[in-house]
>>> print(open('start09.tsv').read())   # TSV, C-alpha atoms
chain	number	residue	atom	x	y	z
M	122	MET	CA	1.40	57.53	68.11
M	123	LYS	CA	0.04	57.70	71.64
M	124	LEU	CA	2.50	55.59	73.61
M	125	MET	CA	5.96	56.26	74.96
M	126	ILE	CA	7.88	52.96	75.08
M	127	ASP	CA	11.23	52.87	76.88
M	128	VAL	CA	13.17	50.29	74.84
M	129	GLU	CA	15.85	50.15	77.53
M	130	GLU	CA	13.30	48.96	80.08
M	131	CYS	CA	11.13	46.83	77.77
M	132	ILE	CA	11.85	43.08	78.04
M	133	GLY	CA	9.62	42.04	75.15
M	134	CYS	CA	7.41	39.86	77.37
M	135	GLY	CA	4.28	40.56	75.30
M	136	GLN	CA	2.04	41.32	78.29
M	137	CYS	CA	1.07	44.67	76.75
M	138	LYS	CA	0.16	43.04	73.42
M	139	SER	CA	-1.97	40.43	75.18
M	140	VAL	CA	-4.29	43.04	76.74
M	141	CYS	CA	-4.50	45.52	73.86
M	142	ILE	CA	-8.07	45.37	72.51
M	143	ARG	CA	-7.20	47.52	69.47
M	144	ASP	CA	-4.21	45.45	68.22
M	145	ASN	CA	-2.05	48.54	68.65
M	146	ILE	CA	1.07	46.76	69.95
M	147	GLU	CA	3.43	44.24	68.38
M	148	ILE	CA	6.62	42.67	69.71
M	149	ASP	CA	9.93	42.55	67.83
M	150	GLU	CA	12.42	41.91	70.63
M	151	VAL	CA	10.78	44.94	72.26
M	152	ALA	CA	7.26	46.35	72.07
M	153	TYR	CA	6.33	48.87	69.39
M	154	GLU	CA	3.15	50.70	68.49
M	155	THR	CA	1.38	49.94	65.21
M	156	GLY	CA	-0.89	52.97	65.25
M	157	SER	CA	-4.03	50.81	65.05
M	158	ASN	CA	-6.51	53.19	66.60
M	159	CYS	CA	-5.31	53.29	70.22
M	160	PHE	CA	-8.01	54.79	72.43
M	161	GLU	CA	-5.78	55.29	75.47
M	162	CYS	CA	-7.37	52.73	77.77
M	163	GLY	CA	-4.04	52.27	79.56
M	164	HIS	CA	-4.19	48.47	79.86
M	165	CYS	CA	-0.66	48.19	78.48
M	166	MET	CA	0.62	50.76	80.94
M	167	ALA	CA	-1.12	49.06	83.87
M	168	ILE	CA	0.21	45.56	83.16
M	169	CYS	CA	3.82	46.21	82.09
M	170	PRO	CA	6.13	44.53	84.65
M	171	THR	CA	8.97	47.02	84.08
M	172	LYS	CA	6.97	50.27	83.70
M	173	ALA	CA	8.31	50.61	80.17
M	174	ILE	CA	5.08	52.00	78.68
M	175	THR	CA	3.51	55.37	79.35
M	176	LEU	CA	0.58	57.05	77.65
M	177	LYS	CA	1.53	60.46	76.34
M	178	VAL	CA	-1.81	61.90	77.41
M	179	PHE	CA	-0.93	61.17	81.06
M	180	LYS	CA	2.49	62.81	81.01
M	181	GLY	CA	2.80	65.05	84.07
M	182	ARG	CA	0.24	63.05	86.02
M	183	GLU	CA	2.59	60.39	87.31
M	184	ASN	CA	1.39	61.08	90.86
M	185	ARG	CA	-1.85	59.36	89.85
M	186	ILE	CA	-0.09	56.05	89.28
M	187	VAL	CA	-0.65	53.72	92.23
M	188	GLU	CA	0.99	50.31	92.60
M	189	TYR	CA	-1.09	47.48	94.08
M	190	ASN	CA	-1.04	43.71	94.45
M	191	PRO	CA	-3.56	42.31	91.92
M	192	ASN	CA	-3.88	39.15	94.00
M	193	GLU	CA	-5.13	41.03	97.05
M	194	ILE	CA	-8.67	42.42	96.80
M	195	PRO	CA	-8.96	45.20	99.44
M	196	VAL	CA	-12.65	44.54	100.23
M	197	GLY	CA	-14.12	41.10	100.87
M	198	TYR	CA	-17.43	39.94	99.37
M	199	ASP	CA	-19.30	39.75	102.69
M	200	ASP	CA	-18.17	43.20	103.83
M	201	LEU	CA	-19.06	44.80	100.51
M	202	LEU	CA	-22.44	43.06	100.33
M	203	ASN	CA	-23.31	44.16	103.87
M	204	PHE	CA	-22.34	47.70	102.93
M	205	LEU	CA	-24.67	47.57	99.92
M	206	LYS	CA	-27.48	46.16	102.06
M	207	GLN	CA	-27.34	49.20	104.34
M	208	ARG	CA	-27.82	51.69	101.53
M	209	ARG	CA	-31.20	53.43	101.64
M	210	SER	CA	-32.54	56.59	100.06
M	211	MET	CA	-32.29	59.48	102.53
M	212	ARG	CA	-34.52	62.57	102.38
M	213	TRP	CA	-34.10	63.98	105.90
M	214	PHE	CA	-30.88	65.95	106.36
M	215	LYS	CA	-29.16	68.02	109.00
M	216	LYS	CA	-28.58	71.71	108.29
M	217	LYS	CA	-24.83	71.12	108.17
M	218	LYS	CA	-23.50	71.45	104.62
M	219	ILE	CA	-20.87	69.33	102.90
M	220	ASP	CA	-17.61	71.22	102.37
M	221	LYS	CA	-15.54	71.35	99.19
M	222	ASP	CA	-12.84	69.00	100.49
M	223	THR	CA	-15.44	66.32	101.16
M	224	PHE	CA	-16.97	66.76	97.72
M	225	ASN	CA	-13.49	66.34	96.23
M	226	LYS	CA	-13.17	63.04	98.08
M	227	LEU	CA	-16.41	61.87	96.48
M	228	ILE	CA	-15.29	62.92	93.00
M	229	GLU	CA	-12.23	60.70	93.48
M	230	GLY	CA	-14.50	57.67	93.11
M	231	ALA	CA	-15.81	58.96	89.79
M	232	TYR	CA	-12.24	59.71	88.65
M	233	TYR	CA	-11.59	55.98	88.35
M	234	SER	CA	-14.98	55.18	86.83
M	235	PRO	CA	-15.25	53.38	83.45
M	236	SER	CA	-16.82	55.18	80.50
M	237	ALA	CA	-18.13	54.22	77.06
M	238	GLN	CA	-15.37	54.07	74.46
M	239	ASN	CA	-13.06	55.45	77.16
M	240	GLN	CA	-14.41	58.94	76.48
M	241	GLN	CA	-13.93	60.03	80.11
M	242	ASP	CA	-16.29	62.93	79.49
M	243	VAL	CA	-18.39	62.73	82.66
M	244	GLU	CA	-18.83	66.14	84.24
M	245	PHE	CA	-20.34	67.13	87.59
M	246	VAL	CA	-22.11	70.24	88.82
M	247	ILE	CA	-22.44	70.73	92.58
M	248	LEU	CA	-25.29	73.11	93.29
M	249	ASP	CA	-25.32	74.96	96.59
M	250	LYS	CA	-25.56	78.76	96.43
M	251	ARG	CA	-27.45	78.67	93.12
M	252	LEU	CA	-29.65	75.70	94.01
M	253	ASN	CA	-32.85	77.76	94.35
M	254	ASP	CA	-32.21	79.49	91.02
M	255	PHE	CA	-31.69	76.14	89.37
M	256	MET	CA	-34.86	74.66	90.82
M	257	LYS	CA	-36.89	77.60	89.49
M	258	HIS	CA	-35.30	76.98	86.10
M	259	VAL	CA	-36.28	73.31	86.33
M	260	TYR	CA	-39.87	74.18	87.17
M	261	ASP	CA	-40.12	76.53	84.18
M	262	ILE	CA	-39.36	73.48	82.04
M	263	ILE	CA	-41.24	70.64	83.72
M	264	LYS	CA	-44.41	72.59	84.57
M	265	VAL	CA	-45.86	71.48	81.23
M	266	GLU	CA	-46.46	68.09	82.90
M	267	GLU	CA	-47.89	69.27	86.21
M	268	GLU	CA	-51.37	68.10	85.28
M	269	GLU	CA	-49.99	64.60	84.82
M	270	PHE	CA	-47.78	64.51	87.92
M	271	PHE	CA	-49.13	65.90	91.19
M	272	ARG	CA	-45.58	66.21	92.55
M	273	ILE	CA	-44.74	68.77	89.88
M	274	LYS	CA	-47.86	70.72	90.74
M	275	GLU	CA	-46.86	70.65	94.42
M	276	PHE	CA	-43.45	71.92	93.37
M	277	GLY	CA	-45.04	74.89	91.61
M	278	ASP	CA	-47.26	75.63	94.61
M	279	TYR	CA	-44.19	75.49	96.86
M	280	LEU	CA	-42.29	78.00	94.72
M	281	ARG	CA	-45.24	80.38	94.87
M	282	ASP	CA	-45.79	79.97	98.62
M	283	ASN	CA	-43.79	77.65	100.87
M	284	SER	CA	-45.18	78.99	104.16
M	285	THR	CA	-47.48	76.02	104.60
M	286	LYS	CA	-45.06	73.33	103.36
M	287	GLU	CA	-42.84	71.38	105.75
M	288	TYR	CA	-40.61	69.97	103.03
M	289	HIS	CA	-39.58	70.92	99.51
M	290	PRO	CA	-41.60	68.64	97.16
M	291	LEU	CA	-38.49	67.63	95.19
M	292	LEU	CA	-35.54	68.29	97.52
M	293	TRP	CA	-37.25	67.46	100.82
M	294	SER	CA	-34.82	68.82	103.43
M	295	GLY	CA	-31.83	68.68	101.09
M	296	HIS	CA	-29.85	71.82	100.30
M	297	GLN	CA	-27.07	70.49	98.08
M	298	LEU	CA	-27.41	68.73	94.74
M	299	ILE	CA	-25.00	66.83	92.48
M	300	LEU	CA	-25.80	66.75	88.77
M	301	THR	CA	-23.98	64.40	86.41
M	302	PHE	CA	-23.54	65.17	82.70
M	303	ALA	CA	-22.11	63.01	79.92
M	304	THR	CA	-22.66	62.07	76.29
M	305	ASP	CA	-23.40	58.50	77.39
M	306	LYS	CA	-26.06	57.75	79.98
M	307	THR	CA	-24.46	54.60	81.37
M	308	SER	CA	-21.14	56.37	81.93
M	309	ALA	CA	-22.86	59.10	83.94
M	310	VAL	CA	-24.92	56.69	86.05
M	311	ILE	CA	-21.93	54.46	86.88
M	312	ALA	CA	-19.82	57.48	87.85
M	313	ASN	CA	-22.50	58.88	90.13
M	314	THR	CA	-23.13	55.47	91.70
M	315	ARG	CA	-19.48	55.20	92.65
M	316	LEU	CA	-19.62	58.69	94.09
M	317	GLU	CA	-22.78	57.76	96.01
M	318	LEU	CA	-21.20	54.68	97.59
M	319	LEU	CA	-18.19	56.71	98.71
M	320	ALA	CA	-20.63	59.20	100.21
M	321	TYR	CA	-22.17	56.48	102.39
M	322	SER	CA	-18.69	55.43	103.51
M	323	LEU	CA	-18.21	58.99	104.81
M	324	GLY	CA	-21.50	59.01	106.71
M	325	LEU	CA	-23.43	60.95	104.07
M	326	GLY	CA	-26.72	60.04	102.42
M	327	GLY	CA	-29.01	61.06	99.61
M	328	PHE	CA	-31.55	60.15	96.97
M	329	TYR	CA	-32.05	60.42	93.22
M	330	SER	CA	-34.65	62.71	91.64
M	331	LEU	CA	-36.33	61.61	88.42
M	332	PHE	CA	-38.43	64.79	88.36
M	333	ILE	CA	-35.33	66.97	88.08
M	334	LEU	CA	-34.11	64.77	85.21
M	335	LYS	CA	-37.37	65.49	83.40
M	336	ALA	CA	-36.02	68.96	82.64
M	337	ASP	CA	-33.44	67.45	80.30
M	338	GLU	CA	-35.94	65.04	78.77
M	339	ILE	CA	-38.51	67.79	78.08
M	340	ASP	CA	-36.25	70.61	76.85
M	341	HIS	CA	-32.53	69.89	76.83
M	342	GLU	CA	-31.59	73.16	75.15
M	343	LYS	CA	-33.43	75.29	77.68
M	344	LEU	CA	-31.96	73.31	80.56
M	345	MET	CA	-28.42	73.85	79.28
M	346	GLU	CA	-28.92	77.62	79.28
M	347	PHE	CA	-28.21	77.35	83.01
M	348	PHE	CA	-24.85	75.67	82.29
M	349	PRO	CA	-23.08	77.73	79.60
M	350	LYS	CA	-19.69	76.12	80.32
M	351	ILE	CA	-20.87	72.54	79.70
M	352	ASP	CA	-20.80	70.99	76.23
M	353	LYS	CA	-24.37	71.05	74.89
M	354	ASP	CA	-23.89	67.51	73.56
M	355	LYS	CA	-23.80	66.27	77.15
M	356	HIS	CA	-27.05	65.42	78.89
M	357	MET	CA	-28.01	65.55	82.55
M	358	TYR	CA	-28.40	61.87	83.40
M	359	SER	CA	-28.30	61.92	87.19
M	360	ALA	CA	-29.59	64.28	89.89
M	361	PHE	CA	-28.57	63.28	93.41
M	362	ILE	CA	-29.62	65.24	96.48
M	363	ILE	CA	-26.98	64.74	99.17
M	364	GLY	CA	-26.34	65.70	102.78
M	365	TYR	CA	-25.71	64.60	106.35
M	366	PRO	CA	-28.52	62.23	107.37
M	367	LYS	CA	-30.85	63.27	110.16
M	368	LYS	CA	-32.23	59.73	110.44
M	369	ARG	CA	-30.54	56.33	110.68
M	370	PHE	CA	-32.20	53.09	109.64
M	371	ARG	CA	-31.75	49.89	111.63
M	372	ARG	CA	-32.46	47.04	109.25
M	373	THR	CA	-32.97	45.98	105.65
M	374	ILE	CA	-36.40	45.33	104.17
M	375	PRO	CA	-37.28	42.65	101.60
M	376	HIS	CA	-37.16	43.60	97.95
M	377	LYS	CA	-38.98	42.15	94.99
M	378	GLU	CA	-37.18	39.13	93.63
M	379	ILE	CA	-34.76	39.91	90.82
M	380	LYS	CA	-35.45	37.88	87.69
M	381	VAL	CA	-32.35	36.24	86.26
M	382	ASN	CA	-32.36	34.38	82.96
M	383	TYR	CA	-29.47	32.04	82.22
M	384	MET	CA	-29.36	31.31	78.51
>>> encode(input="start09.tsv", output="structure tokens")
Amino acid sequence: MKLMIDVEECIGCGQCKSVCIRDNIEIDEVAYETGSNCFECGHCMAICPTKAITLKVFKGRENRIVEYNPNEIPVGYDDLLNFLKQRRSMRWFKKKKIDKDTFNKLIEGAYYSPSAQNQQDVEFVILDKRLNDFMKHVYDIIKVEEEEFFRIKEFGDYLRDNSTKEYHPLLWSGHQLILTFATDKTSAVIANTRLELLAYSLGLGGFYSLFILKADEIDHEKLMEFFPKIDKDKHMYSAFIIGYPKKRFRRTIPHKEIKVNYM
């Protein structure tokens, strides 16, 4: 059993049963757990009007419980849409580095991110001091495709001699990198997207690198040699270069029309 139900507080209203997607709760004057494969989503805990239900797995983390009015959305549609419109990839950064406290603020967005089957197994690596070592490791993997992609060849040339290069071919002027690992790609991408949006709210910027991700696609086992503490079943699904923007854009530009099919 994964729930703690306070029968003194439970009023048998059935709200918990109505939101349980695993049929794990029944009502007999008060709520009780059936043991039907609860996967600890917390819906019952979040909706209970008397706080009678607690997930055992969250015991000791009560400080993470935040009350809010479900009828009051904190961000309006227009404000949020305008915020999204102003997002652009940023490759030109100041030399100032992001500190650990700021990174922790960004991770807070990923903390509340959804995940497939509620696995909550997304893991981040913030590369700073070992960034150059990591990039050399990446090149050792992706160089097998440098004849196909000129950017990879430029990357190799840069590692051998950067005296004539103004920008790093993959990092540009970035000097900090966030990698996202998970067993499910969608979970990793959603988590990093939430982190990215919080970054823009703090005046930061960045861009995604598909070339860095190629390292996982080409040789996952070799890539993971750089990360001995991360479960080898997790893949690197997002590589986001981040920093304090050196440039500021003034307007949106048109995009290609999005195709929508209503069926």
>>> residues_around(input="start09.tsv", residues="Lys226 of chain M", least_positions_apart="2", cutoff="10 Å", atoms="all atoms listed in the file", output="PyMOL selection string")
chain M and resi 221-224+228-231+316+319-320+323
>>> residues_around(input="start09.tsv", residues="Thr301 of chain M", least_positions_apart="6", cutoff="6 Å", atoms="all atoms listed in the file", output="VMD selection string")
chain M and resid 244 to 245 309 357 to 359
>>> write_last_selection(input="start09.tsv", atoms="C-alpha atoms", output="short mmCIF file (atom, residue, chain, number, x, y, z; two decimals), keeping the file's coordinate frame")
data_model
loop_
_atom_site.label_atom_id
_atom_site.label_comp_id
_atom_site.auth_asym_id
_atom_site.auth_seq_id
_atom_site.Cartn_x
_atom_site.Cartn_y
_atom_site.Cartn_z
CA GLU M 244 -18.83 66.14 84.24
CA PHE M 245 -20.34 67.13 87.59
CA ALA M 309 -22.86 59.10 83.94
CA MET M 357 -28.01 65.55 82.55
CA TYR M 358 -28.40 61.87 83.40
CA SER M 359 -28.30 61.92 87.19
#
>>> residues_around(input="start09.tsv", residues="segment 183-200 of chain M", least_positions_apart="5", cutoff="12 Å", atoms="all atoms listed in the file", output="ChimeraX atom specification")
/M:163,166-170,172,175-178,205-207,229,232-233
>>> residues_around(input="start09.tsv", residues="segment 275-284 of chain M", least_positions_apart="5", cutoff="8 Å", atoms="only C-alpha atoms", output="list in words")
Lys257, Tyr260, Lys264, His289, Pro290 and Leu291 of chain M
>>> atom_distance(input="start09.tsv", atom1="atom CA of Lys180 of chain M", atom2="atom CA of Glu154 of chain M")
17.4 Å
>>> atom_distance(input="start09.tsv", atom1="atom CA of Ile219 of chain M", atom2="atom CA of Gly324 of chain M")
11.0 Å
>>> closest_residue(input="start09.tsv", among="M:Lys355, M:His296, M:Val265, M:Ile142", to="Ala336 of chain M", atoms="all atoms listed in the file")
M:Val265
>>> residues_around(input="start09.tsv", residues="Ile146 of chain M", least_positions_apart="3", cutoff="12 Å", atoms="only C-alpha atoms", output="number ranges by chain")
M: 122-126, 133-143, 149, 151-159, 164-166, 174
>>> closest_residue(input="start09.tsv", among="M:His258, M:Ser322, M:Asn225, M:Asp144", to="Glu346 of chain M", atoms="all atoms listed in the file")
M:His258
>>> closest_residue(input="start09.tsv", among="M:Ile374, M:Ile363, M:Leu202, M:Leu252", to="Leu227 of chain M", atoms="only C-alpha atoms")
M:Ile363
>>> closest_residue(input="start09.tsv", among="M:Asp254, M:Asp305, M:Glu266, M:Asp249", to="Asp354 of chain M", atoms="only C-alpha atoms")
M:Asp305
>>> closest_residue(input="start09.tsv", among="M:Ile247, M:Leu292, M:Leu318, M:Ile339", to="Ile262 of chain M", atoms="all atoms listed in the file")
M:Ile339
>>> atom_distance(input="start09.tsv", atom1="atom CA of Lys343 of chain M", atom2="atom CA of Gly364 of chain M")
27.8 Å
>>> closest_residue(input="start09.tsv", among="M:Phe347, M:Phe361, M:Phe179, M:Phe270", to="Gly327 of chain M", atoms="all atoms listed in the file")
M:Phe361
